[in-house]
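File shown: upload-v5.cif. Contents: mmCIF, C-alpha atoms.
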data_run
loop_
_atom_site.label_atom_id
_atom_site.label_comp_id
_atom_site.auth_asym_id
_atom_site.auth_seq_id
_atom_site.Cartn_x
_atom_site.Cartn_y
_atom_site.Cartn_z
CA MET A 1 -10.66 -76.61 10.51
CA VAL A 2 -13.23 -74.57 8.54
CA LEU A 3 -14.62 -73.14 11.77
CA LYS A 4 -11.13 -72.18 12.86
CA ARG A 5 -10.58 -70.34 9.56
CA TYR A 6 -13.86 -68.47 9.98
CA ILE A 7 -13.02 -67.43 13.53
CA SER A 8 -9.61 -66.23 12.50
CA ARG A 9 -11.08 -64.11 9.69
CA ILE A 10 -13.67 -62.63 12.03
CA LEU A 11 -10.98 -61.77 14.56
CA VAL A 12 -8.84 -60.08 11.91
CA PHE A 13 -11.87 -58.08 10.75
CA PHE A 14 -12.64 -56.85 14.25
CA ALA A 15 -8.99 -56.11 14.90
CA LEU A 16 -8.88 -53.84 11.85
CA LEU A 17 -12.23 -52.29 12.75
CA PHE A 18 -11.17 -51.43 16.30
CA CYS A 19 -7.84 -50.13 15.09
CA GLN A 20 -9.61 -47.79 12.63
CA GLN A 21 -11.97 -46.52 15.32
CA ALA A 22 -9.08 -45.92 17.65
CA ILE A 23 -7.26 -43.81 15.02
CA CYS A 24 -10.29 -41.70 14.20
CA GLN A 25 -11.06 -40.96 17.78
CA GLU A 26 -7.52 -40.10 18.78
CA TRP A 27 -6.99 -37.75 15.83
CA ASN A 28 -9.85 -35.56 17.04
CA TYR A 29 -7.96 -34.44 20.12
CA ALA A 30 -6.62 -31.19 18.61
CA ARG A 31 -8.72 -29.69 15.89
CA LEU A 32 -9.00 -26.26 14.27
CA SER A 33 -12.39 -25.51 12.76
CA LEU A 34 -12.51 -22.69 10.25
CA LEU A 35 -15.92 -21.19 11.00
CA TYR A 36 -15.70 -17.93 9.06
CA GLY A 37 -13.32 -16.05 6.80
CA GLY A 38 -11.49 -18.68 4.82
CA SER A 39 -10.21 -16.08 2.36
CA ILE A 40 -9.06 -12.56 3.20
CA PRO A 41 -9.00 -9.83 0.51
CA PHE A 42 -7.34 -6.42 0.93
CA ASN A 43 -8.63 -4.11 -1.78
CA PHE A 44 -6.66 -0.86 -2.09
CA ASN A 45 -8.77 1.40 -4.27
CA SER A 46 -8.45 4.85 -2.72
CA ILE A 47 -5.61 7.07 -1.53
CA LYS A 48 -7.06 6.96 1.99
CA ARG A 49 -6.61 3.20 2.06
CA TYR A 50 -3.09 3.53 0.72
CA THR A 51 -2.10 6.13 3.29
CA GLU A 52 -3.82 4.54 6.30
CA GLY A 53 -3.63 0.86 5.43
CA ILE A 54 -6.47 -1.62 5.83
CA GLU A 55 -7.42 -3.48 8.98
CA ILE A 56 -9.87 -6.38 8.94
CA ILE A 57 -11.00 -7.14 12.47
CA ASP A 58 -12.09 -10.69 13.22
CA GLY A 59 -11.74 -11.57 9.56
CA THR A 60 -11.43 -15.22 10.46
CA ILE A 61 -13.12 -17.12 13.28
CA LEU A 62 -11.50 -20.37 14.38
CA GLY A 63 -13.15 -22.97 16.59
CA ILE A 64 -10.81 -24.80 18.95
CA THR A 65 -11.38 -28.42 19.90
CA LEU A 66 -8.87 -29.83 22.36
CA VAL A 67 -9.50 -32.92 24.45
CA ASP A 68 -7.22 -34.40 27.09
CA SER A 69 -6.58 -37.99 26.09
CA SER A 70 -5.29 -38.75 29.59
CA GLN A 71 -2.35 -40.67 28.24
CA ILE A 72 0.38 -41.39 30.73
CA GLY A 73 3.29 -39.04 30.20
CA HIS A 74 1.18 -36.50 28.32
CA ASP A 75 -0.39 -33.92 30.59
CA LEU A 76 -2.38 -31.47 28.47
CA GLU A 77 -2.47 -27.94 29.90
CA GLY A 78 -3.38 -25.71 27.00
CA PHE A 79 -2.37 -24.69 23.50
CA ASP A 80 -0.45 -22.22 21.37
CA LEU A 81 -1.73 -20.83 18.10
CA ASN A 82 1.09 -20.13 15.64
CA PHE A 83 1.14 -18.77 12.13
CA ARG A 84 3.50 -18.49 9.17
CA THR A 85 3.39 -18.45 5.39
CA PHE A 86 2.43 -21.73 3.83
CA ASN A 87 5.24 -23.75 2.31
CA GLY A 88 7.91 -21.25 3.33
CA GLN A 89 6.74 -18.54 0.92
CA ALA A 90 9.22 -15.67 1.35
CA THR A 91 7.28 -12.78 -0.20
CA ILE A 92 3.73 -11.71 -0.98
CA LYS A 93 3.73 -12.59 -4.64
CA GLY A 94 2.21 -10.59 -7.46
CA ASP A 95 2.30 -11.23 -11.17
CA ALA A 96 5.00 -8.65 -11.79
CA ALA A 97 6.27 -7.61 -8.37
CA ASP A 98 6.56 -8.81 -4.78
CA LEU A 99 5.81 -7.27 -1.40
CA PRO A 100 7.68 -7.96 1.84
CA LEU A 101 5.85 -10.39 4.11
CA ASN A 102 5.80 -7.96 7.02
CA ARG A 103 3.38 -5.65 5.21
CA ILE A 104 0.74 -8.06 6.51
CA ARG A 105 0.30 -8.42 10.24
CA MET A 106 -2.00 -10.73 12.12
CA ARG A 107 -3.52 -10.91 15.59
CA ALA A 108 -5.53 -13.56 17.45
CA GLU A 109 -7.93 -12.67 20.24
CA ASN A 110 -10.59 -14.40 22.24
CA ASN A 111 -13.95 -14.55 20.54
CA ILE A 112 -15.75 -16.99 22.83
CA GLY A 113 -14.63 -18.90 25.91
CA LEU A 114 -10.88 -18.20 25.77
CA GLY A 115 -10.78 -14.93 27.70
CA SER A 116 -8.10 -16.16 30.09
CA GLY A 117 -5.66 -16.73 27.25
CA THR A 118 -2.87 -14.38 26.22
CA SER A 119 -2.91 -12.54 22.91
CA PHE A 120 0.45 -11.31 21.66
CA GLY A 121 -1.13 -8.56 19.56
CA TYR A 122 -0.28 -7.90 15.95
CA GLN A 123 2.67 -9.94 14.73
CA ASP A 124 4.51 -9.64 11.42
CA LEU A 125 3.86 -12.34 8.85
CA ASP A 126 7.00 -14.40 8.42
CA ALA A 127 8.15 -17.67 6.88
CA ASN A 128 8.88 -18.99 10.39
CA TRP A 129 6.36 -19.84 13.06
CA THR A 130 5.25 -16.95 15.27
CA THR A 131 2.93 -17.39 18.25
CA LEU A 132 -0.27 -15.37 18.16
CA PHE A 133 -2.17 -16.71 21.15
CA SER A 134 -1.41 -18.85 24.15
CA TYR A 135 -3.89 -20.54 26.47
CA THR A 136 -3.23 -22.43 29.69
CA ASP A 137 -5.77 -24.03 32.00
CA VAL A 138 -4.62 -26.31 34.85
CA PRO A 139 -6.27 -28.70 35.47
CA PHE A 140 -7.26 -28.72 31.84
CA ALA A 141 -10.92 -28.66 30.88
CA ASN A 142 -11.68 -29.89 27.39
CA LEU A 143 -12.38 -27.27 24.73
CA ALA A 144 -15.10 -27.53 22.10
CA TRP A 145 -15.23 -25.61 18.83
CA ASP A 146 -18.67 -24.13 19.44
CA THR A 147 -17.86 -22.73 22.88
CA HIS A 148 -14.18 -21.88 22.41
CA GLN A 149 -13.32 -19.64 19.47
CA LEU A 150 -10.57 -17.25 18.41
CA GLY A 151 -10.94 -14.22 16.16
CA LEU A 152 -8.09 -13.52 13.76
CA SER A 153 -7.59 -9.90 12.71
CA TYR A 154 -5.44 -8.74 9.82
CA GLU A 155 -3.83 -5.48 8.83
CA CYS A 156 -2.02 -4.61 5.63
CA GLY A 157 -0.01 -1.56 4.64
CA LYS A 158 -0.20 0.30 7.95
CA PRO A 159 2.26 3.22 8.06
CA VAL A 160 5.17 3.10 10.50
CA ALA A 161 3.70 6.04 12.41
CA ASP A 162 0.67 3.88 13.22
CA GLY A 163 2.72 0.92 14.37
CA GLY A 164 2.87 -0.90 11.06
CA ASN A 165 5.73 -1.68 8.74
CA GLY A 166 5.06 0.94 6.08
CA SER A 167 2.31 1.96 3.72
CA LEU A 168 1.94 0.57 0.24
CA LEU A 169 2.21 3.98 -1.42
CA GLY A 170 4.62 3.71 -4.30
CA GLU A 171 4.28 -0.04 -4.70
CA THR A 172 3.58 -1.51 -8.11
CA PRO A 173 -0.13 -2.04 -8.78
CA ASP A 174 -0.70 -5.79 -8.95
CA TYR A 175 -2.69 -8.66 -7.46
CA TYR A 176 -0.57 -10.08 -4.66
CA THR A 177 -1.30 -13.33 -2.86
CA VAL A 178 0.06 -15.29 0.06
CA GLU A 179 -1.25 -18.30 1.96
CA ILE A 180 -1.13 -18.15 5.73
CA GLU A 181 -0.88 -21.34 7.72
CA VAL A 182 -2.18 -21.43 11.29
CA GLU A 183 -1.22 -24.22 13.67
CA LEU A 184 -2.83 -25.40 16.89
CA VAL A 185 -0.19 -26.89 19.19
CA PRO A 186 -1.16 -28.61 22.46
CA THR A 187 1.07 -27.60 25.36
CA GLY A 188 1.95 -29.12 28.70
CA PRO A 189 4.38 -31.76 30.02
CA GLY A 190 4.94 -34.42 27.38
CA PHE A 191 3.98 -32.25 24.41
CA MET B 1 -5.63 -70.08 17.00
CA LYS B 2 -3.45 -68.93 19.82
CA LYS B 3 -1.21 -67.06 17.36
CA ILE B 4 -4.20 -65.30 15.82
CA LEU B 5 -5.48 -64.21 19.21
CA THR B 6 -2.06 -62.91 20.09
CA ALA B 7 -1.87 -60.94 16.84
CA PHE B 8 -5.36 -59.54 17.45
CA VAL B 9 -4.44 -58.22 20.87
CA ALA B 10 -1.14 -56.85 19.55
CA VAL B 11 -2.87 -54.89 16.80
CA LEU B 12 -5.24 -53.33 19.31
CA ILE B 13 -2.45 -52.34 21.66
CA LEU B 14 -0.28 -50.91 18.90
CA GLY B 15 -3.19 -49.02 17.41
CA SER B 16 -3.92 -47.41 20.70
CA SER B 17 -0.39 -46.53 21.69
CA ALA B 18 0.59 -45.15 18.28
CA PHE B 19 -2.11 -42.50 18.29
CA GLY B 20 -2.81 -42.07 21.96
CA GLN B 21 -1.53 -38.49 22.24
CA ALA B 22 -2.92 -35.10 21.33
CA VAL B 23 -1.93 -33.98 17.85
CA LYS B 24 -1.46 -30.65 16.15
CA ASP B 25 -3.92 -29.36 13.61
CA ARG B 26 -3.38 -26.85 10.82
CA ASN B 27 -5.42 -24.69 8.48
CA VAL B 28 -4.42 -22.54 5.54
CA ILE B 29 -6.01 -19.15 4.81
CA PRO B 30 -5.34 -17.50 1.43
CA VAL B 31 -4.82 -13.75 1.66
CA ALA B 32 -4.92 -11.43 -1.36
CA VAL B 33 -3.71 -7.84 -1.65
CA ASN B 34 -5.16 -6.00 -4.63
CA LEU B 35 -3.33 -2.75 -5.37
CA ASN B 36 -5.43 -0.68 -7.75
CA GLN B 37 -3.73 2.26 -9.44
CA VAL B 38 -4.83 5.64 -8.07
CA LEU B 39 -3.63 8.59 -10.19
CA ARG B 40 -5.47 11.88 -10.02
CA MET B 41 -4.57 15.52 -10.64
CA THR B 42 -6.97 18.24 -9.54
CA ILE B 43 -6.65 21.91 -10.46
CA THR B 44 -8.29 23.69 -7.56
CA ASN B 45 -7.73 27.29 -8.63
CA GLY B 46 -6.55 29.22 -11.66
CA GLY B 47 -7.69 26.97 -14.41
CA ASN B 48 -7.82 29.92 -16.78
CA ILE B 49 -5.10 32.57 -16.71
CA GLU B 50 -5.50 35.79 -18.67
CA PHE B 51 -3.06 38.70 -18.80
CA VAL B 52 -4.70 41.90 -20.02
CA PHE B 53 -2.26 44.64 -21.12
CA ASN B 54 -4.00 47.99 -21.14
CA THR B 55 -1.42 50.46 -19.77
CA ILE B 56 2.03 51.42 -20.98
CA ASP B 57 3.35 50.48 -17.57
CA GLU B 58 2.18 46.93 -18.07
CA TYR B 59 3.77 46.85 -21.52
CA LYS B 60 7.02 48.01 -19.94
CA ASN B 61 7.12 45.89 -16.80
CA GLY B 62 4.81 43.04 -17.53
CA ILE B 63 2.18 41.47 -15.31
CA SER B 64 3.11 38.98 -12.62
CA GLY B 65 1.70 36.98 -9.79
CA ASP B 66 5.01 37.55 -8.01
CA VAL B 67 5.28 41.33 -8.08
CA ALA B 68 7.95 41.53 -5.40
CA THR B 69 10.42 39.68 -7.58
CA SER B 70 9.37 40.58 -11.05
CA GLY B 71 9.10 44.33 -10.71
CA SER B 72 5.68 44.17 -12.27
CA ALA B 73 3.55 47.21 -11.51
CA ASN B 74 0.37 45.23 -11.59
CA PRO B 75 -1.51 46.08 -8.37
CA ALA B 76 -3.44 42.82 -8.37
CA ALA B 77 -0.29 40.77 -8.19
CA SER B 78 -0.73 39.99 -4.53
CA GLU B 79 -4.06 38.41 -5.25
CA PRO B 80 -4.21 34.86 -6.60
CA MET B 81 -5.17 36.20 -10.02
CA TYR B 82 -2.15 34.74 -11.75
CA GLN B 83 -1.75 31.53 -9.84
CA THR B 84 -2.71 27.97 -10.62
CA ASP B 85 -3.16 25.63 -7.68
CA PHE B 86 -3.24 21.89 -8.16
CA THR B 87 -2.93 18.71 -6.16
CA VAL B 88 -1.85 15.19 -7.03
CA SER B 89 -3.10 11.97 -5.44
CA SER B 90 -1.14 8.97 -6.55
CA SER B 91 -0.57 5.48 -5.22
CA THR B 92 2.64 5.17 -7.22
CA ARG B 93 5.64 7.32 -8.05
CA TRP B 94 4.48 9.94 -10.52
CA ARG B 95 5.51 12.69 -12.87
CA ILE B 96 3.73 15.60 -14.51
CA THR B 97 4.52 16.46 -18.07
CA TYR B 98 3.28 19.82 -19.21
CA GLY B 99 3.55 22.28 -22.04
CA SER B 100 1.76 24.51 -24.51
CA GLU B 101 -0.46 22.80 -27.02
CA GLU B 102 0.86 25.15 -29.72
CA ALA B 103 4.40 26.26 -30.50
CA THR B 104 3.35 29.88 -30.05
CA PHE B 105 0.40 31.81 -28.73
CA ILE B 106 -2.17 32.18 -31.51
CA GLY B 107 -4.17 35.33 -32.10
CA THR B 108 -7.91 34.95 -31.61
CA ASP B 109 -8.92 37.68 -34.01
CA ASN B 110 -6.31 36.71 -36.59
CA PRO B 111 -4.68 33.30 -36.31
CA GLY B 112 -1.79 34.67 -38.31
CA ASN B 113 -0.78 36.75 -35.34
CA THR B 114 1.57 34.91 -32.98
CA LEU B 115 3.33 35.64 -29.71
CA LEU B 116 6.36 33.72 -28.47
CA LEU B 117 5.71 31.32 -25.62
CA ASP B 118 8.71 32.56 -23.66
CA ASN B 119 6.93 35.84 -22.95
CA VAL B 120 5.11 33.82 -20.30
CA GLY B 121 6.92 32.19 -17.42
CA PHE B 122 6.24 30.76 -14.00
CA THR B 123 7.74 29.57 -10.77
CA ILE B 124 6.43 26.67 -8.78
CA VAL B 125 5.72 26.61 -5.06
CA ASN B 126 5.48 23.35 -3.12
CA ASN B 127 2.77 23.62 -0.45
CA GLY B 128 2.64 19.91 0.40
CA ALA B 129 4.45 17.62 2.79
CA HIS B 130 6.63 16.21 0.03
CA ALA B 131 9.40 18.77 -0.24
CA PHE B 132 11.49 19.30 -3.32
CA GLU B 133 15.05 18.10 -3.07
CA THR B 134 16.73 20.25 -0.50
CA GLY B 135 18.93 17.68 1.20
CA ALA B 136 16.39 16.41 3.71
CA ALA B 137 13.03 14.87 2.86
CA GLN B 138 13.11 14.46 -0.88
CA GLY B 139 9.74 13.29 -2.01
CA THR B 140 9.55 15.25 -5.22
CA THR B 141 11.87 17.16 -7.47
CA ALA B 142 11.15 19.81 -10.04
CA GLY B 143 11.81 18.97 -13.65
CA GLN B 144 15.48 19.49 -14.38
CA VAL B 145 14.81 20.83 -17.84
CA LEU B 146 13.01 23.85 -16.41
CA TRP B 147 15.26 25.04 -13.63
CA ASP B 148 19.03 25.13 -13.41
CA GLU B 149 18.97 23.82 -9.87
CA GLN B 150 16.50 21.27 -8.63
CA GLN B 151 15.77 23.21 -5.48
CA ASN B 152 15.48 26.43 -7.47
CA ALA B 153 11.75 26.36 -7.72
CA GLY B 154 9.97 28.72 -5.42
CA VAL B 155 8.70 32.26 -5.07
CA GLY B 156 11.62 34.58 -5.65
CA ASP B 157 13.47 32.11 -7.86
CA ALA B 158 14.10 32.71 -11.53
CA PRO B 159 11.02 31.69 -13.48
CA ALA B 160 11.05 29.14 -16.25
CA ALA B 161 9.64 30.08 -19.62
CA LEU B 162 6.55 28.35 -20.92
CA VAL B 163 7.55 25.70 -23.46
CA ALA B 164 5.73 23.50 -25.93
CA TYR B 165 4.41 20.14 -24.77
CA PRO B 166 5.94 17.84 -23.59
CA ALA B 167 8.35 18.88 -20.85
CA ASP B 168 8.74 17.38 -17.38
CA LEU B 169 7.38 19.70 -14.73
CA ILE B 170 7.59 17.56 -11.59
CA GLU B 171 9.02 14.10 -11.27
CA ASP B 172 9.93 11.48 -8.69
CA ASN B 173 13.39 11.74 -7.21
CA ASP B 174 14.16 8.01 -7.68
CA ASP B 175 15.07 7.72 -4.01
CA PRO B 176 14.30 4.07 -3.15
CA ALA B 177 13.28 5.05 0.38
CA LEU B 178 11.10 8.07 -0.36
CA ALA B 179 8.52 7.89 -3.11
CA ASN B 180 6.55 10.97 -4.11
CA ALA B 181 3.37 8.90 -4.03
CA GLY B 182 0.86 10.36 -1.62
CA ASP B 183 -2.38 12.22 -1.18
CA ALA B 184 -3.41 15.79 -1.95
CA GLY B 185 -1.88 16.99 1.31
CA ASP B 186 1.49 15.57 0.34
CA ASN B 187 1.47 16.84 -3.23
CA ASP B 188 0.08 20.38 -3.31
CA PHE B 189 1.56 22.93 -5.70
CA THR B 190 1.11 26.48 -6.95
CA LEU B 191 2.28 27.83 -10.29
CA VAL B 192 2.91 31.57 -10.17
CA TRP B 193 2.56 32.97 -13.68
CA ARG B 194 3.92 36.16 -15.26
CA CYS B 195 3.96 37.68 -18.72
CA GLY B 196 6.27 40.23 -20.31
CA THR B 197 8.44 40.74 -17.22
CA GLY B 198 11.73 40.03 -19.03
CA GLU B 199 13.03 37.78 -16.23
CA ASP B 200 15.82 35.95 -18.03
CA THR B 201 18.05 34.79 -15.16
CA ASN B 202 17.08 31.13 -15.40
CA GLY B 203 20.17 29.42 -16.77
CA ILE B 204 18.28 26.51 -18.33
CA ASN B 205 15.05 27.84 -19.68
CA PRO B 206 14.89 31.66 -19.38
CA MET B 207 12.00 33.91 -20.24
CA ASN B 208 12.24 36.39 -23.08
CA SER B 209 14.59 39.14 -21.88
CA SER B 210 12.63 41.87 -23.66
CA ALA B 211 9.52 43.47 -22.29
CA ILE B 212 6.56 43.41 -24.66
CA ILE B 213 7.08 47.07 -25.46
CA ASP B 214 10.74 46.54 -26.38
CA GLN B 215 10.45 43.64 -28.74
CA THR B 216 11.89 44.28 -32.19
CA VAL B 217 8.70 43.35 -33.92
CA SER B 218 6.03 44.77 -31.73
CA PRO B 219 3.32 42.16 -31.20
CA THR B 220 0.13 42.97 -33.04
CA PRO B 221 -2.67 43.81 -30.62
CA ASP B 222 -4.86 40.73 -30.36
CA ARG B 223 -6.06 38.22 -27.81
CA TYR B 224 -3.39 35.51 -27.80
CA VAL B 225 -4.28 32.12 -26.45
CA THR B 226 -2.93 28.65 -26.04
CA ASN B 227 -3.90 25.66 -23.97
CA VAL B 228 -1.34 24.46 -21.45
CA LEU B 229 -1.60 20.71 -21.09
CA PHE B 230 -0.77 18.75 -17.95
CA GLU B 231 -0.37 15.00 -17.99
CA LEU B 232 0.03 12.97 -14.82
CA SER B 233 1.66 9.58 -15.30
CA VAL B 234 3.49 6.82 -13.45
CA ASP B 235 7.21 7.47 -12.94
CA ASN B 236 8.80 4.14 -12.10
#
The structure in this file should be written as C-alpha cells.
Amino acid sequence: MVLKRYISRILVFFALLFCQQAICQEWNYARLSLLYGGSIPFNFNSIKRYTEGIEIIDGTILGITLVDSSQIGHDLEGFDLNFRTFNGQATIKGDAADLPLNRIRMRAENNIGLGSGTSFGYQDLDANWTTLFSYTDVPFANLAWDTHQLGLSYECGKPVADGGNGSLLGETPDYYTVEIEVELVPTGPGF
Amino acid sequence: MKKILTAFVAVLILGSSAFGQAVKDRNVIPVAVNLNQVLRMTITNGGNIEFVFNTIDEYKNGISGDVATSGSANPAASEPMYQTDFTVSSSTRWRITYGSEEATFIGTDNPGNTLLLDNVGFTIVNNGAHAFETGAAQGTTAGQVLWDEQQNAGVGDAPAALVAYPADLIEDNDDPALANAGDAGDNDFTLVWRCGTGEDTNGINPMNSSAIIDQTVSPTPDRYVTNVLFELSVDN
C-alpha cells in the first residue's frame, strides 16, 4: 500500500514535469527578440528638423525565431510582422497637447537572412494592426534570431511633399510619447 | 494504480495537444517625440537707420527708401540705405510686436528737443514663401493696427507711421491649416523706411501729413534718436 502511494506520487511528479517541459518548448516556436533599439527618441531642436522631419533608419533590430512544430493541420509557411499602438492609444500624447498617430511612420526591411520577404515600405502608425513585412518560404526552413533579423526604420514629421503626413511646424512644444506594439504572426494553412 | 497511470498519460497528451501549435509573439517599443521651441529673429541688413537732412529739398520732400511712391528727392533711395531686412525661424505660430522705445524721438544734443514719431513711417515687403493674406496661401498677415487692409503692406502701399512699443507688426492668420511657422526662407521681410514725406493716406495709422519744413513748430536742429524694439513671440 505504501509502495503504491510512492509510485503514484512519483508518477504525478513526472507528469507535471513533462507537461511543464512540453509547454516551454512549444512556446518557443514564434519568438521576437529585441536585439537593438528598444526606445526610439525623435528630438526636434532645429528648424531644419522641423521642416524636413526626422528619419531613423534601422532604429530597431528584431531577431526572428520561428520553428515548424510539424503538428498535423498546421503547416507553417512563413510569417507576417504587424504593428499598431499599444493598448489602442489613439494619439501621440504630450503633457498639454496631442499629435495625430500618422505623424509617425514605420518600415520593416530585411537585415539578415530575410531577403526574399516583402517589405510594404513606410506605413502610418495606427491603432489597428498594419502589416509591415511578410515572409513566405515553402517548404519552410526554421528561422533563428541570430541569422534572421529585421530592421525597423522610423520617420516622424515628414512633409507631405516628401511622402509624409505633414511636418510638425506649428505644433505645440511638448514631450510626446506613444508605445508601438509589433507582432510576429505565423502564416500558412492552419494558422 | 490503473487510474493513476491513465491520468498520467492523459496529462501528457493534453499538455502536448494544448500547446502543439506555433504561437504569436509581441514586443512593445516606446517612441518619444520631443518638440523643442525654436524662435529666432535675425536682422540681416539695416540694423541702424539714419536720415540726414542737409538740403531744403529734403526738408520739403523728405527722405525715403521708396522714392517712386513717396516723391522723395533723395537720390540714394534706390539703394538699400533705408531698408531693414529680417528673417524669422519659428517652430510655432508667431507674432512680432514692435515699436519705439520712447514716445517721441529724443534730441541727442539736448534731450529737451523732441520730434514726433509719426514723421517716420514704413511699408513692409514680404520676400518669403509665406504670403500675406491675399486670398490664396495665407501664412502670415500684417498687423491690423498698422494698415487699413491686411494685404495693404507692400512697396507702393500707404506707409504706417512709427508708433510707440508695443504694436503688432506681423502675426499669424489663425488659419488652422496654414501656420506661419517656418524657416528663414518662409519668413523673410523688408521694412522700407521714410522720414518727413508727409504720406498720410493710411486710414489706420497715417504718417504726419506735414513735411518737416512745414510743421507749425519747426523742429530744432539736433540729432534725434530712438530705439525701435522688435519682439518675436508665440502666437497660439
Ground truth for the PyMOL selection byres ((chain B and resi 112) around 12), written as a ChimeraX atom specification: /B:104-111,113-115,219-224
Point (2.0, -15.3, -6.7) neighbourhood (7 Å, all atoms listed in the file) written as a ChimeraX atom specification: /A:92-95,176-177
Selection dump of the PyMOL selection byres ((chain B and resi 28) around 8), as a ChimeraX atom specification: /A:86,179-182 /B:26-27,29-30
Matched chain/residue IDs from the PyMOL selection byres ((chain A and resi 185-187) around 7), as JSON, numbers by chain: {"A": [76, 77, 78, 79, 80, 81, 183, 184, 188, 191], "B": [22, 24]}
Give me the residues near Asn127 in chain B as a tab-separated table (two decimals) with C-alpha atoms, keeping the file's coordinate frame, where near means some atom within 9 Å (using all atoms listed in the file) and where sequence neighbours in that chain fewer than 6 positions away do not count.
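Writing done, so here's result17.tsv:
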chain	number	residue	atom	x	y	z
B	185	GLY	CA	-1.88	16.99	1.31
B	186	ASP	CA	1.49	15.57	0.34
B	187	ASN	CA	1.47	16.84	-3.23
B	188	ASP	CA	0.08	20.38	-3.31
B	189	PHE	CA	1.56	22.93	-5.70
B	190	THR	CA	1.11	26.48	-6.95
Who sits within 7 Å of Pro173 in chain A, all atoms listed in the file, same chain under 4 positions skipped, as a list in words: Leu35, Asn36 and Gln37 of chain B
Tell me which protein, DNA and RNA residues are within 10 Å of Pro159 in chain A, counting all atoms listed in the file, leaving out same-chain ones fewer than 4 positions away, and put them as a short mmCIF file (atom, residue, chain, number, x, y, z; two decimals) with C-alpha atoms, in the coordinates of the input.
data_model
loop_
_atom_site.label_atom_id
_atom_site.label_comp_id
_atom_site.auth_asym_id
_atom_site.auth_seq_id
_atom_site.Cartn_x
_atom_site.Cartn_y
_atom_site.Cartn_z
CA TYR A 50 -3.09 3.53 0.72
CA THR A 51 -2.10 6.13 3.29
CA GLU A 52 -3.82 4.54 6.30
CA GLY A 53 -3.63 0.86 5.43
CA ARG A 103 3.38 -5.65 5.21
CA GLY A 163 2.72 0.92 14.37
CA GLY A 164 2.87 -0.90 11.06
CA ASN A 165 5.73 -1.68 8.74
CA GLY A 166 5.06 0.94 6.08
CA SER A 167 2.31 1.96 3.72
CA LEU A 168 1.94 0.57 0.24
CA LEU A 169 2.21 3.98 -1.42
#
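Take the candidates B:Ile212, B:Val120, B:Val125, B:Ala177 and check each one against chain A using all atoms listed in the file; the shortest distance goes to B:Ala177.
Remark: for chain A, the closest of the candidate residues B:Pro159, B:Pro206, B:Gly196, B:Pro176 is B:Pro176 (distances computed over only C-alpha atoms).
Take the candidates A:Glu55, A:Glu171, A:Asp75, A:Glu155 and check each one against chain B using all atoms listed in the file; the shortest distance goes to A:Glu171.
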Distance query Leu62 in chain A at most 12 Å, all atoms listed in the file, self and fewer than 3 positions along chain excluded, as a ChimeraX atom specification: /A:31-38,58-59,65,81,108-112,114,144-153,182-184 /B:25-29
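When all atoms listed in the file are used to measure the gap to chain B, the shortest distance among A:Thr131, A:Ala141, A:Ile61, A:His74 belongs to A:His74.
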Interatomic distance (Å, one decimal) between CA of Ser64 in chain B and CA of Thr226 in chain B: 18.0 Å
Nearest to chain A, chosen from B:Arg95, B:Gly65, B:Gln83, B:Val38, with all atoms listed in the file counted in the distances: B:Val38
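Between chain B and the residues A:Pro100, A:Ser70, A:Asp137, A:Ile56, the shortest atom-to-atom distance, using all atoms listed in the file, involves A:Ser70.
Between CA of Ala179 in chain B and CA of Ser233 in chain B the interatomic distance comes to 14.1 Å.
CA of Ala90 in chain A sits 7.5 Å away from CA of Asp126 in chain A.
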